[in-house]
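S.K.: structure31.txt (compact mmCIF, C-alpha atoms and all ligand atoms) pasted underneath:
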```txt
# COMPACT_ATOMS: atom_id res chain seq x y z
CA MET Z 951 -20.15 11.60 1.88
CA ASP Z 952 -20.27 14.57 4.22
CA ILE Z 953 -16.82 16.02 3.45
CA ASP Z 954 -17.06 18.82 6.02
CA LYS Z 955 -17.82 16.30 8.75
CA ILE Z 956 -15.00 14.04 7.59
CA ARG Z 957 -12.57 16.98 7.54
CA SER Z 958 -13.61 18.09 11.00
CA GLN Z 959 -12.37 14.74 12.30
CA ILE Z 960 -8.86 15.20 10.84
CA PRO Z 961 -7.19 17.98 12.87
CA VAL Z 962 -4.21 18.59 10.57
CA LEU Z 963 -6.58 19.80 7.84
CA ALA Z 964 -7.49 22.86 9.90
CA HIS Z 965 -4.15 24.50 9.11
CA THR Z 966 -2.60 22.67 6.14
CA ALA Z 967 -3.62 21.49 2.69
CA TYR Z 968 -2.45 17.94 3.32
CA MET Z 969 -1.68 16.22 0.01
CA ASN Z 970 0.86 13.64 1.07
CA THR Z 971 -1.26 10.63 1.97
CA GLY Z 972 0.79 8.49 -0.43
CA TRP Z 973 3.65 8.88 2.04
CA SER Z 974 1.66 8.86 5.28
CA GLY Z 975 -1.97 9.80 5.76
CA PRO Z 976 -3.27 12.28 8.35
CA ALA Z 977 -4.93 10.42 11.22
CA PRO Z 978 -8.54 11.17 12.15
CA ARG Z 979 -8.92 12.11 15.83
CA ARG Z 980 -10.87 8.94 16.64
CA VAL Z 981 -8.04 6.78 15.23
CA ALA Z 982 -5.55 8.44 17.56
CA GLN Z 983 -8.09 8.18 20.39
CA ALA Z 984 -8.43 4.40 19.93
CA MET Z 985 -4.66 4.09 20.37
CA LYS Z 986 -4.63 6.44 23.37
CA ASP Z 987 -7.51 4.55 25.03
CA ARG Z 988 -5.67 1.27 24.70
CA ILE Z 989 -2.43 2.78 26.02
CA ASP Z 990 -4.32 4.20 29.01
CA LEU Z 991 -6.02 0.88 29.70
CA GLU Z 992 -2.70 -0.95 29.66
CA LEU Z 993 -1.13 1.84 31.73
CA GLU Z 994 -3.75 1.77 34.42
CA GLN Z 995 -4.78 -1.90 34.49
CA GLY Z 996 -1.71 -3.81 33.24
CA THR Z 997 -1.40 -5.49 29.87
CA THR Z 998 -1.87 -9.08 31.08
CA THR Z 999 -4.60 -8.43 33.65
CA SER Z 1000 -7.81 -10.35 33.22
CA GLY Z 1001 -10.09 -8.48 30.87
CA VAL Z 1002 -7.33 -6.29 29.42
CA TYR Z 1003 -5.58 -9.19 27.76
CA GLU Z 1004 -8.86 -10.56 26.35
CA ALA Z 1005 -9.84 -7.12 25.07
CA GLY Z 1006 -6.47 -6.95 23.31
CA LYS Z 1007 -7.11 -10.32 21.69
CA GLU Z 1008 -10.50 -9.08 20.55
CA ILE Z 1009 -8.89 -6.01 18.93
CA GLN Z 1010 -6.46 -8.25 17.04
CA GLU Z 1011 -9.25 -10.54 15.85
CA GLN Z 1012 -11.38 -7.63 14.73
CA ALA Z 1013 -8.42 -6.08 12.91
CA GLN Z 1014 -7.86 -9.35 11.06
CA ALA Z 1015 -11.56 -9.53 10.15
CA ALA Z 1016 -11.38 -5.93 8.84
CA VAL Z 1017 -8.39 -6.88 6.69
CA ALA Z 1018 -10.34 -9.82 5.23
CA ARG Z 1019 -13.10 -7.37 4.25
CA ILE Z 1020 -10.65 -4.91 2.70
CA PHE Z 1021 -9.12 -7.68 0.58
CA ASN Z 1022 -12.42 -9.51 0.01
CA ALA Z 1023 -10.63 -12.65 1.15
CA SER Z 1024 -11.15 -15.28 3.83
CA ILE Z 1025 -9.99 -14.52 7.31
CA ASP Z 1026 -7.54 -17.42 7.19
CA GLU Z 1027 -5.79 -15.90 4.14
CA VAL Z 1028 -4.90 -12.59 5.81
CA MET Z 1029 -2.83 -11.21 8.65
CA VAL Z 1030 -2.03 -7.85 10.16
CA THR Z 1031 1.62 -6.90 9.57
CA ARG Z 1032 3.80 -3.95 10.53
CA ASN Z 1033 3.96 -2.42 7.06
CA THR Z 1034 3.77 -3.19 3.33
CA THR Z 1035 7.43 -4.10 3.09
CA GLU Z 1036 7.18 -6.72 5.82
CA GLY Z 1037 4.38 -8.51 3.97
CA LEU Z 1038 6.32 -8.54 0.70
CA ASN Z 1039 9.37 -9.94 2.48
CA ILE Z 1040 7.37 -12.67 4.21
CA VAL Z 1041 6.39 -14.04 0.82
CA LEU Z 1042 9.69 -13.51 -1.01
CA SER Z 1043 11.85 -14.97 1.72
CA GLY Z 1044 9.44 -17.85 2.27
CA LEU Z 1045 9.29 -19.23 -1.27
CA ASP Z 1046 11.48 -22.12 -2.27
CA TRP Z 1047 13.59 -20.35 -4.95
CA GLN Z 1048 15.66 -22.39 -7.36
CA GLN Z 1049 18.77 -21.19 -9.16
CA GLY Z 1050 17.76 -19.92 -12.59
CA ASP Z 1051 14.23 -18.88 -11.57
CA GLU Z 1052 13.20 -15.45 -12.85
CA ILE Z 1053 11.33 -12.60 -11.14
CA ILE Z 1054 9.94 -9.77 -13.24
CA ILE Z 1055 9.78 -6.25 -11.83
CA CYS Z 1056 9.56 -2.78 -13.46
CA ASP Z 1057 12.07 0.06 -13.49
CA MET Z 1058 9.64 2.52 -11.86
CA GLU Z 1059 9.24 0.41 -8.74
CA HIS Z 1060 9.69 1.49 -5.17
CA GLY Z 1061 12.72 0.34 -3.17
CA SER Z 1062 10.44 -2.06 -1.29
CA VAL Z 1063 10.08 -4.04 -4.52
CA ILE Z 1064 13.59 -3.53 -5.90
CA ALA Z 1065 15.63 -4.40 -2.81
CA PRO Z 1066 13.83 -7.58 -1.69
CA ALA Z 1067 13.67 -8.90 -5.26
CA GLN Z 1068 17.33 -8.16 -6.02
CA LEU Z 1069 18.52 -9.60 -2.71
CA ILE Z 1070 16.58 -12.82 -3.30
CA GLY Z 1071 18.21 -12.83 -6.73
CA GLN Z 1072 21.71 -12.52 -5.29
CA ARG Z 1073 21.10 -15.06 -2.56
CA TYR Z 1074 19.55 -17.84 -4.63
CA GLY Z 1075 20.84 -17.17 -8.13
CA VAL Z 1076 17.43 -15.93 -9.26
CA ALA Z 1077 17.46 -13.58 -12.26
CA VAL Z 1078 15.59 -10.31 -11.70
CA LYS Z 1079 14.35 -9.04 -15.08
CA VAL Z 1080 13.60 -5.33 -15.00
CA VAL Z 1081 11.01 -4.18 -17.55
CA ASP Z 1082 11.61 -0.53 -18.55
CA LEU Z 1083 8.48 1.59 -18.76
CA GLU Z 1084 7.89 5.00 -20.29
CA VAL Z 1085 5.76 7.54 -18.46
CA HIS Z 1086 3.17 7.61 -21.22
CA ASP Z 1087 3.01 3.87 -21.96
CA SER Z 1088 -0.59 2.70 -22.32
CA SER Z 1089 -1.96 -0.19 -20.26
CA GLU Z 1090 -1.79 -2.38 -23.36
CA THR Z 1091 1.87 -1.49 -23.92
CA ILE Z 1092 2.75 -2.19 -20.28
CA ALA Z 1093 0.98 -5.56 -20.31
CA THR Z 1094 2.66 -6.44 -23.63
CA LYS Z 1095 6.12 -5.47 -22.33
CA ILE Z 1096 5.69 -7.58 -19.20
CA VAL Z 1097 4.31 -10.60 -21.04
CA ALA Z 1098 7.15 -10.32 -23.57
CA ALA Z 1099 9.62 -10.78 -20.69
CA PHE Z 1100 8.14 -14.17 -19.74
CA THR Z 1101 10.24 -17.28 -20.30
CA SER Z 1102 9.80 -20.86 -19.20
CA LYS Z 1103 11.84 -19.90 -16.08
CA THR Z 1104 9.63 -17.02 -14.99
CA ARG Z 1105 8.40 -17.77 -11.51
CA MET Z 1106 6.88 -14.48 -10.36
CA VAL Z 1107 5.69 -11.08 -11.53
CA PHE Z 1108 6.19 -8.63 -8.68
CA ILE Z 1109 4.94 -5.09 -9.30
CA SER Z 1110 3.07 -2.27 -7.60
CA HIS Z 1111 -0.65 -2.07 -8.27
CA ILE Z 1112 -0.35 1.73 -8.34
CA LEU Z 1113 3.11 3.11 -9.15
CA TYR Z 1114 4.22 5.39 -6.33
CA ALA Z 1115 6.02 7.91 -8.54
CA THR Z 1116 3.31 8.66 -11.11
CA GLY Z 1117 0.14 7.22 -9.60
CA ARG Z 1118 -0.33 5.02 -12.66
CA ARG Z 1119 -2.71 2.17 -12.02
CA MET Z 1120 -1.05 -0.89 -13.53
CA PRO Z 1121 -3.05 -3.29 -15.72
CA ALA Z 1122 -2.75 -5.89 -12.98
CA GLU Z 1123 -5.86 -7.89 -13.89
CA GLU Z 1124 -4.71 -8.30 -17.51
CA ILE Z 1125 -1.23 -9.32 -16.39
CA ARG Z 1126 -2.76 -11.74 -13.89
CA ARG Z 1127 -4.66 -13.49 -16.67
CA ALA Z 1128 -1.42 -13.98 -18.60
CA THR Z 1129 0.51 -15.22 -15.55
CA LYS Z 1130 -2.22 -17.60 -14.50
CA ASP Z 1131 -2.24 -19.44 -17.83
CA ARG Z 1132 1.50 -20.04 -17.47
CA GLY Z 1133 1.56 -20.96 -13.76
CA ILE Z 1134 3.50 -17.76 -12.88
CA LEU Z 1135 2.94 -16.31 -9.40
CA MET Z 1136 1.83 -12.70 -9.08
CA MET Z 1137 2.57 -10.52 -6.08
CA LEU Z 1138 1.37 -6.93 -5.81
CA ASP Z 1139 2.79 -4.14 -3.72
CA GLY Z 1140 -0.38 -2.37 -2.63
CA ALA Z 1141 1.29 0.41 -0.66
CA GLN Z 1142 -0.73 2.93 -2.71
CA THR Z 1143 -4.01 1.01 -2.92
CA GLY Z 1144 -5.37 -0.11 0.48
CA GLY Z 1145 -8.02 2.46 1.49
CA HIS Z 1146 -7.70 4.12 -1.94
CA ILE Z 1147 -9.25 1.70 -4.43
CA GLU Z 1148 -11.52 -1.29 -4.14
CA LEU Z 1149 -9.56 -4.55 -3.72
CA ASP Z 1150 -10.96 -7.98 -4.52
CA MET Z 1151 -8.66 -10.94 -4.11
CA ALA Z 1152 -11.45 -13.44 -4.77
CA ARG Z 1153 -12.17 -11.99 -8.21
CA SER Z 1154 -8.72 -10.82 -9.31
CA GLY Z 1155 -6.91 -14.05 -8.51
CA PHE Z 1156 -3.70 -12.39 -7.29
CA ASP Z 1157 -1.50 -14.75 -5.28
CA PHE Z 1158 0.01 -12.32 -2.77
CA TYR Z 1159 -0.89 -8.74 -1.87
CA SER Z 1160 0.53 -6.40 0.77
CA ILE Z 1161 -0.83 -3.04 2.00
CA PRO Z 1162 0.09 -0.46 4.66
CA GLY Z 1163 -2.07 0.97 7.45
CA GLN Z 1164 -0.47 4.40 7.55
CA LYS Z 1165 -1.20 5.71 4.06
CA TRP Z 1166 -4.65 5.73 2.42
CA LEU Z 1167 -6.25 3.82 5.31
CA LEU Z 1168 -5.28 6.71 7.62
CA GLY Z 1169 -3.93 4.49 10.39
CA TYR Z 1170 -0.56 4.69 12.13
CA GLU Z 1171 2.93 3.70 11.13
CA GLY Z 1172 3.66 0.17 12.31
CA SER Z 1173 0.55 -1.39 10.76
CA GLY Z 1174 -0.21 -3.12 7.48
CA ALA Z 1175 -1.76 -6.27 6.10
CA LEU Z 1176 -0.85 -9.24 3.94
CA TYR Z 1177 -2.95 -11.57 1.80
CA ILE Z 1178 -1.73 -15.04 0.76
CA ARG Z 1179 -4.03 -17.15 -1.42
CA ARG Z 1180 -4.98 -20.21 0.59
CA GLU Z 1181 -3.50 -22.71 -1.88
CA HIS Z 1182 -0.02 -21.17 -1.32
CA LEU Z 1183 -0.03 -21.11 2.46
CA GLU Z 1184 1.66 -24.43 2.90
CA ARG Z 1185 4.53 -23.66 0.51
CA ILE Z 1186 5.58 -20.36 2.10
CA HIS Z 1187 8.14 -21.15 4.79
CA PRO Z 1188 8.14 -18.72 7.69
CA ALA Z 1189 11.56 -17.03 7.50
CA HIS Z 1190 10.87 -15.51 10.91
CA THR Z 1191 8.74 -17.51 13.27
CA GLY Z 1192 7.97 -18.33 16.88
CA GLY Z 1193 5.68 -20.21 19.20
CA ARG Z 1194 2.60 -19.62 17.08
CA ALA Z 1195 4.11 -21.88 14.42
CA ILE Z 1196 3.94 -24.88 16.79
CA ALA Z 1197 0.97 -27.19 16.33
CA ARG Z 1198 -0.35 -28.16 19.77
CA PRO Z 1199 -0.01 -30.18 21.88
CA ALA Z 1200 3.74 -30.09 21.44
CA ASN Z 1201 7.01 -29.84 23.27
CA ALA Z 1202 10.65 -29.42 22.28
CA HIS Z 1203 11.01 -33.15 21.53
CA ASN Z 1204 7.85 -33.40 19.55
CA PHE Z 1205 7.67 -30.43 17.23
CA GLN Z 1206 4.84 -30.32 14.74
CA PRO Z 1207 4.78 -27.14 12.64
CA VAL Z 1208 1.60 -25.33 11.76
CA ALA Z 1209 1.76 -25.76 8.00
CA ASP Z 1210 -1.14 -24.00 6.37
CA SER Z 1211 -2.01 -21.09 8.64
CA MET Z 1212 -1.00 -17.41 8.67
CA GLU Z 1213 -0.28 -17.99 12.39
CA LYS Z 1214 3.14 -19.35 11.48
CA PHE Z 1215 4.27 -15.89 10.29
CA LEU Z 1216 3.18 -14.05 13.40
CA GLY Z 1217 6.20 -14.72 15.59
CA GLY Z 1218 5.98 -12.95 18.94
CA SER Z 1219 3.81 -10.25 20.50
CA VAL Z 1220 2.34 -7.29 18.62
CA SER Z 1221 1.53 -3.69 19.51
CA VAL Z 1222 -2.14 -3.74 20.46
CA PRO Z 1223 -2.37 0.09 20.63
CA VAL Z 1224 -1.20 0.29 17.00
CA GLN Z 1225 -3.67 -2.42 16.00
CA ALA Z 1226 -6.45 -0.56 17.85
CA ALA Z 1227 -5.69 2.50 15.71
CA PHE Z 1228 -5.52 0.37 12.58
CA LEU Z 1229 -8.91 -1.16 13.36
CA GLU Z 1230 -10.48 2.25 13.96
CA ALA Z 1231 -8.96 3.51 10.71
CA THR Z 1232 -10.52 0.65 8.75
CA LYS Z 1233 -13.90 1.58 10.26
CA PHE Z 1234 -13.44 5.22 9.24
CA ILE Z 1235 -12.71 4.15 5.65
CA GLU Z 1236 -15.54 1.59 5.58
CA GLU Z 1237 -18.02 4.21 6.78
CA ALA Z 1238 -17.04 6.54 3.93
CA GLY Z 1239 -17.23 3.59 1.51
CA ILE Z 1240 -14.32 2.51 -0.65
CA TYR Z 1241 -16.27 2.96 -3.88
CA ASN Z 1242 -17.13 6.57 -2.91
CA ILE Z 1243 -13.52 7.21 -1.96
CA GLU Z 1244 -12.12 5.83 -5.20
CA THR Z 1245 -14.57 7.86 -7.27
CA ARG Z 1246 -13.92 11.10 -5.40
CA ASN Z 1247 -10.16 10.67 -5.51
CA LEU Z 1248 -10.31 10.13 -9.27
CA ASP Z 1249 -12.51 13.21 -9.70
CA LEU Z 1250 -10.11 15.37 -7.70
CA ALA Z 1251 -7.11 13.99 -9.61
CA GLU Z 1252 -8.83 14.56 -12.96
CA SER Z 1253 -9.49 18.16 -12.06
CA ALA Z 1254 -5.93 18.71 -10.78
CA LYS Z 1255 -4.42 17.22 -13.95
CA ALA Z 1256 -6.65 19.29 -16.23
CA LYS Z 1257 -5.85 22.53 -14.39
CA LEU Z 1258 -2.13 21.87 -14.01
CA SER Z 1259 -1.73 21.05 -17.70
CA GLU Z 1260 -3.10 24.49 -18.56
CA VAL Z 1261 -0.25 26.17 -16.67
CA ALA Z 1262 2.59 27.14 -19.04
CA GLY Z 1263 5.82 25.31 -18.12
CA VAL Z 1264 4.06 22.49 -16.24
CA THR Z 1265 4.17 18.90 -17.52
CA VAL Z 1266 1.81 16.38 -15.98
CA LEU Z 1267 3.55 13.01 -15.62
CA SER Z 1268 0.53 10.98 -14.48
CA PRO Z 1269 -1.76 9.15 -16.91
CA SER Z 1270 -4.70 11.07 -18.33
CA GLU Z 1271 -7.10 8.16 -18.83
CA ARG Z 1272 -9.33 7.56 -15.86
CA ARG Z 1273 -8.94 3.79 -15.84
CA ASP Z 1274 -5.14 4.20 -15.56
CA SER Z 1275 -5.35 6.92 -12.89
CA SER Z 1276 -5.44 7.21 -9.12
CA GLY Z 1277 -5.45 9.97 -6.52
CA LEU Z 1278 -1.71 10.49 -7.07
CA VAL Z 1279 -0.81 13.29 -9.48
CA THR Z 1280 2.80 13.99 -10.45
CA PHE Z 1281 4.06 16.97 -12.42
CA ALA Z 1282 7.26 18.78 -13.30
CA VAL Z 1283 7.79 22.54 -13.49
CA GLU Z 1284 10.19 23.74 -16.15
CA GLY Z 1285 13.32 25.36 -14.71
CA GLN Z 1286 12.56 24.28 -11.12
CA THR Z 1287 13.79 21.31 -9.15
CA PRO Z 1288 11.00 19.22 -7.61
CA ILE Z 1289 12.36 19.82 -4.09
CA SER Z 1290 12.27 23.61 -4.57
CA VAL Z 1291 8.62 23.40 -5.68
CA VAL Z 1292 7.80 21.20 -2.66
CA GLU Z 1293 9.45 23.70 -0.32
CA ARG Z 1294 7.82 26.76 -1.87
CA LEU Z 1295 4.34 25.20 -1.80
CA TRP Z 1296 4.84 24.54 1.89
CA GLU Z 1297 6.33 27.92 2.76
CA ASP Z 1298 3.91 30.00 0.70
CA HIS Z 1299 0.67 28.03 1.07
CA LYS Z 1300 1.08 25.31 3.72
CA ILE Z 1301 0.53 22.68 1.04
CA VAL Z 1302 2.14 19.32 1.91
CA VAL Z 1303 3.40 17.35 -1.12
CA ARG Z 1304 6.60 15.46 -1.91
CA GLN Z 1305 9.18 15.05 -4.66
CA VAL Z 1306 9.81 11.79 -6.51
CA GLY Z 1307 12.88 10.71 -8.48
CA HIS Z 1308 11.91 8.49 -11.40
CA PRO Z 1309 10.45 10.33 -13.23
CA ALA Z 1310 11.60 13.49 -11.46
CA GLY Z 1311 8.58 15.44 -10.30
CA VAL Z 1312 6.34 16.74 -7.56
CA ARG Z 1313 3.78 14.22 -6.31
CA VAL Z 1314 0.41 15.29 -4.97
CA SER Z 1315 -1.81 12.78 -3.13
CA LEU Z 1316 -5.52 13.51 -3.34
CA HIS Z 1317 -7.65 11.59 -0.88
CA PHE Z 1318 -11.38 11.90 -0.23
CA PHE Z 1319 -10.96 14.51 2.52
CA ASN Z 1320 -9.24 16.88 0.06
CA THR Z 1321 -11.36 19.46 -1.71
CA GLU Z 1322 -11.66 21.23 -5.02
CA GLU Z 1323 -10.67 24.45 -3.17
CA GLU Z 1324 -7.40 22.81 -2.16
CA VAL Z 1325 -6.83 21.74 -5.76
CA GLU Z 1326 -7.33 25.42 -6.77
CA LEU Z 1327 -4.87 26.50 -4.06
CA LEU Z 1328 -2.32 24.02 -5.39
CA VAL Z 1329 -2.73 25.07 -9.01
CA GLY Z 1330 -2.56 28.75 -8.02
CA GLY Z 1331 0.66 28.08 -6.07
CA VAL Z 1332 2.19 26.20 -8.99
CA ARG Z 1333 1.15 28.97 -11.41
CA GLU Z 1334 3.04 31.53 -9.29
CA LEU Z 1335 6.16 29.36 -9.41
CA ALA Z 1336 5.94 28.50 -13.09
C1 LIG J 1 4.95 1.46 -3.77
C2 LIG J 1 5.45 1.47 -2.35
N1 LIG J 1 5.88 0.33 -1.82
C3 LIG J 1 6.30 0.26 -0.54
C4 LIG J 1 6.30 1.36 0.25
C5 LIG J 1 6.76 1.22 1.67
O1 LIG J 1 5.63 1.08 2.48
P1 LIG J 1 5.73 0.59 3.99
O2 LIG J 1 6.42 1.66 4.74
O3 LIG J 1 4.31 0.40 4.40
O4 LIG J 1 6.49 -0.67 3.99
C6 LIG J 1 5.86 2.59 -0.24
C7 LIG J 1 5.88 3.80 0.61
O5 LIG J 1 6.03 4.88 0.23
C8 LIG J 1 5.42 2.63 -1.58
O6 LIG J 1 4.95 3.78 -2.12
```
As a first step, turn the structure in this file into structure tokens.
Ligand SMILES: Cc1ncc(COP(=O)(O)O)c(C=O)c1O
M.R.:
Amino acid sequence: MDIDKIRSQIPVLAHTAYMNTGWSGPAPRRVAQAMKDRIDLELEQGTTTSGVYEAGKEIQEQAQAAVARIFNASIDEVMVTRNTTEGLNIVLSGLDWQQGDEIIICDMEHGSVIAPAQLIGQRYGVAVKVVDLEVHDSSETIATKIVAAFTSKTRMVFISHILYATGRRMPAEEIRRATKDRGILMMLDGAQTGGHIELDMARSGFDFYSIPGQKWLLGYEGSGALYIRREHLERIHPAHTGGRAIARPANAHNFQPVADSMEKFLGGSVSVPVQAAFLEATKFIEEAGIYNIETRNLDLAESAKAKLSEVAGVTVLSPSERRDSSGLVTFAVEGQTPISVVERLWEDHKIVVRQVGHPAGVRVSLHFFNTEEEVELLVGGVRELA
């Protein structure tokens, strides 16, 4: 990877140490350009004009094909969405829940897991069992705690693949093996994984998986992707739907639904400019190579954790073992609120990070465009504060 070349394509890096990809990644110039080009084409030629419409269709098809590659899944098992949360909701609101069913989540989950799960619980009388985790729980402990929560009523395990607050990589494959034996569904919130770590739906056997376009893939807000294992397609009812759910030929008297296709979830029209940016972002990531990205992010995170833990008064809240780690590094500074550290790092050094609540800390996102020099800048800034 030519890091200087990659950095030269991301304008925001010229004047900030951008370490907040876990919230929203900085767009490369060519990603923004793809969106601008499509807006200009629609502006000057008209969205439905011959050629423009077809080109828009082509962008959507290519974006779907890119998603299939990212997930290592078939094209008919994936769709482009508007964000991670939308994908999770499509699945949760589409399953045929029965009173007494149980969903297992963890206490360190994002609101996009907590709220949809709890609302399904309230609506259908489904019990949401929350497994409490400790920051320093090992992968074995986490898997054991989750498996211990299983009962004959457990219908789904719904967790993040990488926890947003600490960057812990969850032992998802181990948990999947345990769920599979018992016929329990497994859905993963991949808000912190797409474009960050290698995903492989064919090998891992996850049932449902949702990712965003705007974070580690470096696309724009308003884009994401969902995977549904083919065998489940028919049983997920489209909670929101539209004309693409009608099997043709059909009319209002003779309605035949599309049963086993992602088309039924698509509803109405989509933003082609946003999908153009999403597609270009996937190319940018594919050119760098997801394996290279994952390795570099882990190297940068390892270095940040080692250096931060040497600073007196700093506690690193992210896992130390490489297999449990990601490019997210969270730490607390004794005597300082996380928000004050976030503000000072910005004011003093133009470092962009964020605070998280549970556990309370400062979260740093290290993506492949970040450098060891930026890690040094961060650690130096934290040392001044501590
Ligand atoms: C774990 C997790 N889930 C869901 C989300 C929400 O993502 P989106 O805005 O793509 O729905 C985030 C965003 O911060 C997240 O970190």
S.K.: Find the residues near Leu1295 of chain Z: any atom within 9 Å, counting all atoms listed in the file, skip ones fewer than 4 places away on the same chain, and give them as a list in words.
M.R.: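 Contacts, with the query itself left out: Ser1290, Val1291, His1299, Lys1300, Ile1301, Val1302, Val1303, Leu1328, Gly1331, Val1332 and Leu1335 of chain Z.
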S.K.: Please check which protein, DNA or RNA residues sit within 6 Å of ligand LIG 1 (chain J), counting all atoms listed in the file, and write them as a list in words.
M.R.: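 Using all atoms listed in the file, everything at most 6 Å from ligand LIG 1 (chain J) comes to Trp973, Asn1033, Thr1034, Thr1035, His1060, Ser1062, Ser1110, Leu1113, Tyr1114, Asp1139, Ala1141, Gln1142 and Pro1162 of chain Z.
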S.K.: Give one line per residue of segment 1095-1143 of chain Z that approaches segment 1038-1041 of chain Z to at most 10 Å, naming the two atoms of the closest pair and their distance in Å to one decimal, counting only C-alpha atoms; sort by chain then ascending residue number and deliver it as CSV.
M.R.:
```
residue,atom,partner,partner_atom,distance
Z:Phe1108,CA,Z:Leu1038,CA,9.4
Z:Met1137,CA,Z:Leu1038,CA,8.0
Z:Leu1138,CA,Z:Leu1038,CA,8.3
Z:Asp1139,CA,Z:Leu1038,CA,7.2
Z:Gly1140,CA,Z:Leu1038,CA,9.7
```
S.K.: I want to know what sits within 6 Å of Arg1118 of chain Z, based on only C-alpha atoms, with residues of the same chain fewer than 4 positions away left out; could you give that as a PDB file with C-alpha atoms, in the coordinates of the input?
M.R.:
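Writing the result to selection.pdb gives the following:
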```
ATOM      1  CA  ILE Z1112      -0.350   1.730  -8.340  1.00  0.00           C
ATOM      2  CA  LEU Z1113       3.110   3.110  -9.150  1.00  0.00           C
ATOM      3  CA  ASP Z1274      -5.140   4.200 -15.560  1.00  0.00           C
ATOM      4  CA  SER Z1275      -5.350   6.920 -12.890  1.00  0.00           C
TER       5      SER Z1275
END
```
S.K.: What is the atom CA of Glu1181 of chain Z-atom CA of Gln1010 of chain Z distance in Å, reported with one decimal?
M.R.: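 We find that atom CA of Glu1181 of chain Z and atom CA of Gln1010 of chain Z lie 24.0 Å from each other.
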S.K.: Tell me, in Å to one decimal, how far atom CA of Val981 of chain Z is from atom CA of Ala1231 of chain Z.
M.R.: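 Distance between the two atoms: 5.7 Å.
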S.K.: Just want the 12 Å neighbourhood of segment 1089-1105 of chain Z, counted on only C-alpha atoms, with same-chain residues fewer than 4 positions away dropped. Output as number ranges by chain.
M.R.: Z: 1042, 1045-1058, 1071, 1076-1085, 1109, 1118-1137, 1269-1275
S.K.: Mind pulling up the distance from atom CA of His965 of chain Z to atom CA of Val1264 of chain Z?
M.R.: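 Taking atom CA of Val1264 of chain Z and atom CA of His965 of chain Z, their separation equals 26.7 Å.
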S.K.: Let me have the centre and edge lengths in Å, one decimal, of the box along x, y and z around every listed atom of segment 1105-1110 of chain Z with 8 Å of margin on each side, as lines of an AutoDock Vina configuration file.
M.R.:
```
center_x = 5.7
center_y = -10.0
center_z = -9.6
size_x = 21.3
size_y = 31.5
size_z = 19.9
```
S.K.: Just checking: using all atoms listed in the file, which residue out of Z:Ala1018, Z:Ile960, Z:Val1279, Z:Met969 ends up closest to Lys1257 of chain Z?
M.R.: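 Of all the options, Z:Val1279 lies closest to Lys1257 of chain Z.
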S.K.: As a list in words, please: the residues near segment 1236-1243 of chain Z (cut-off 9 Å, only C-alpha atoms, same-chain neighbours under 6 positions excluded).
M.R.: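 Listed by chain and then number, they are Met951, Asp952, Ile956, Ile1020, Gly1145, His1146, Ile1147, Glu1148, His1317, Phe1318 and Phe1319 of chain Z.
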S.K.: Can you write just those residues out, C-alpha atoms, as a PDB file, in the frame of the given file?
M.R.:
```pdb
ATOM      1  CA  MET Z 951     -20.150  11.600   1.880  1.00  0.00           C
ATOM      2  CA  ASP Z 952     -20.270  14.570   4.220  1.00  0.00           C
ATOM      3  CA  ILE Z 956     -15.000  14.040   7.590  1.00  0.00           C
ATOM      4  CA  ILE Z1020     -10.650  -4.910   2.700  1.00  0.00           C
ATOM      5  CA  GLY Z1145      -8.020   2.460   1.490  1.00  0.00           C
ATOM      6  CA  HIS Z1146      -7.700   4.120  -1.940  1.00  0.00           C
ATOM      7  CA  ILE Z1147      -9.250   1.700  -4.430  1.00  0.00           C
ATOM      8  CA  GLU Z1148     -11.520  -1.290  -4.140  1.00  0.00           C
ATOM      9  CA  HIS Z1317      -7.650  11.590  -0.880  1.00  0.00           C
ATOM     10  CA  PHE Z1318     -11.380  11.900  -0.230  1.00  0.00           C
ATOM     11  CA  PHE Z1319     -10.960  14.510   2.520  1.00  0.00           C
TER      12      PHE Z1319
END
```
S.K.: Compile the contact shell of Ala1227 of chain Z as an MDAnalysis selection string: residues with an atom at most 10 Å away, counting all atoms listed in the file, same-chain residues fewer than 6 positions apart removed.
M.R.: chainID Z and resid 977:978 980:988 1009 1013 1163:1164 1168:1171 1173 1233
S.K.: Please determine the residues with any atom at most 8 Å from (-2.8, 18.0, -12.7) (coordinates as given in the file, with all atoms listed in the file counting) and report them as a list in words.
M.R.: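 In the file's frame, the residues around the point are Ala1251, Glu1252, Ser1253, Ala1254, Lys1255, Ala1256, Lys1257, Leu1258, Ser1259, Val1266, Ser1268, Val1279, Thr1280, Phe1281 and Val1329 of chain Z.
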S.K.: N, CA and C atoms for segment 1209-1213 of chain Z, written as a short mmCIF file (atom, residue, chain, number, x, y, z; two decimals), in the frame of the given file, could you do that?
M.R.:
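Writing done, so here's selection06.cif:
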```cif
data_model
loop_
_atom_site.label_atom_id
_atom_site.label_comp_id
_atom_site.auth_asym_id
_atom_site.auth_seq_id
_atom_site.Cartn_x
_atom_site.Cartn_y
_atom_site.Cartn_z
N ALA Z 1209 1.33 -25.82 9.40
CA ALA Z 1209 1.76 -25.76 8.00
C ALA Z 1209 0.98 -24.75 7.17
N ASP Z 1210 -0.32 -24.73 7.34
CA ASP Z 1210 -1.14 -24.00 6.37
C ASP Z 1210 -1.95 -22.88 7.05
N SER Z 1211 -1.31 -22.18 7.98
CA SER Z 1211 -2.01 -21.09 8.64
C SER Z 1211 -1.12 -19.86 8.68
N MET Z 1212 -1.75 -18.66 8.57
CA MET Z 1212 -1.00 -17.41 8.67
C MET Z 1212 -0.35 -17.27 10.05
N GLU Z 1213 -0.83 -18.03 11.03
CA GLU Z 1213 -0.28 -17.99 12.39
C GLU Z 1213 1.24 -18.20 12.38
#
```
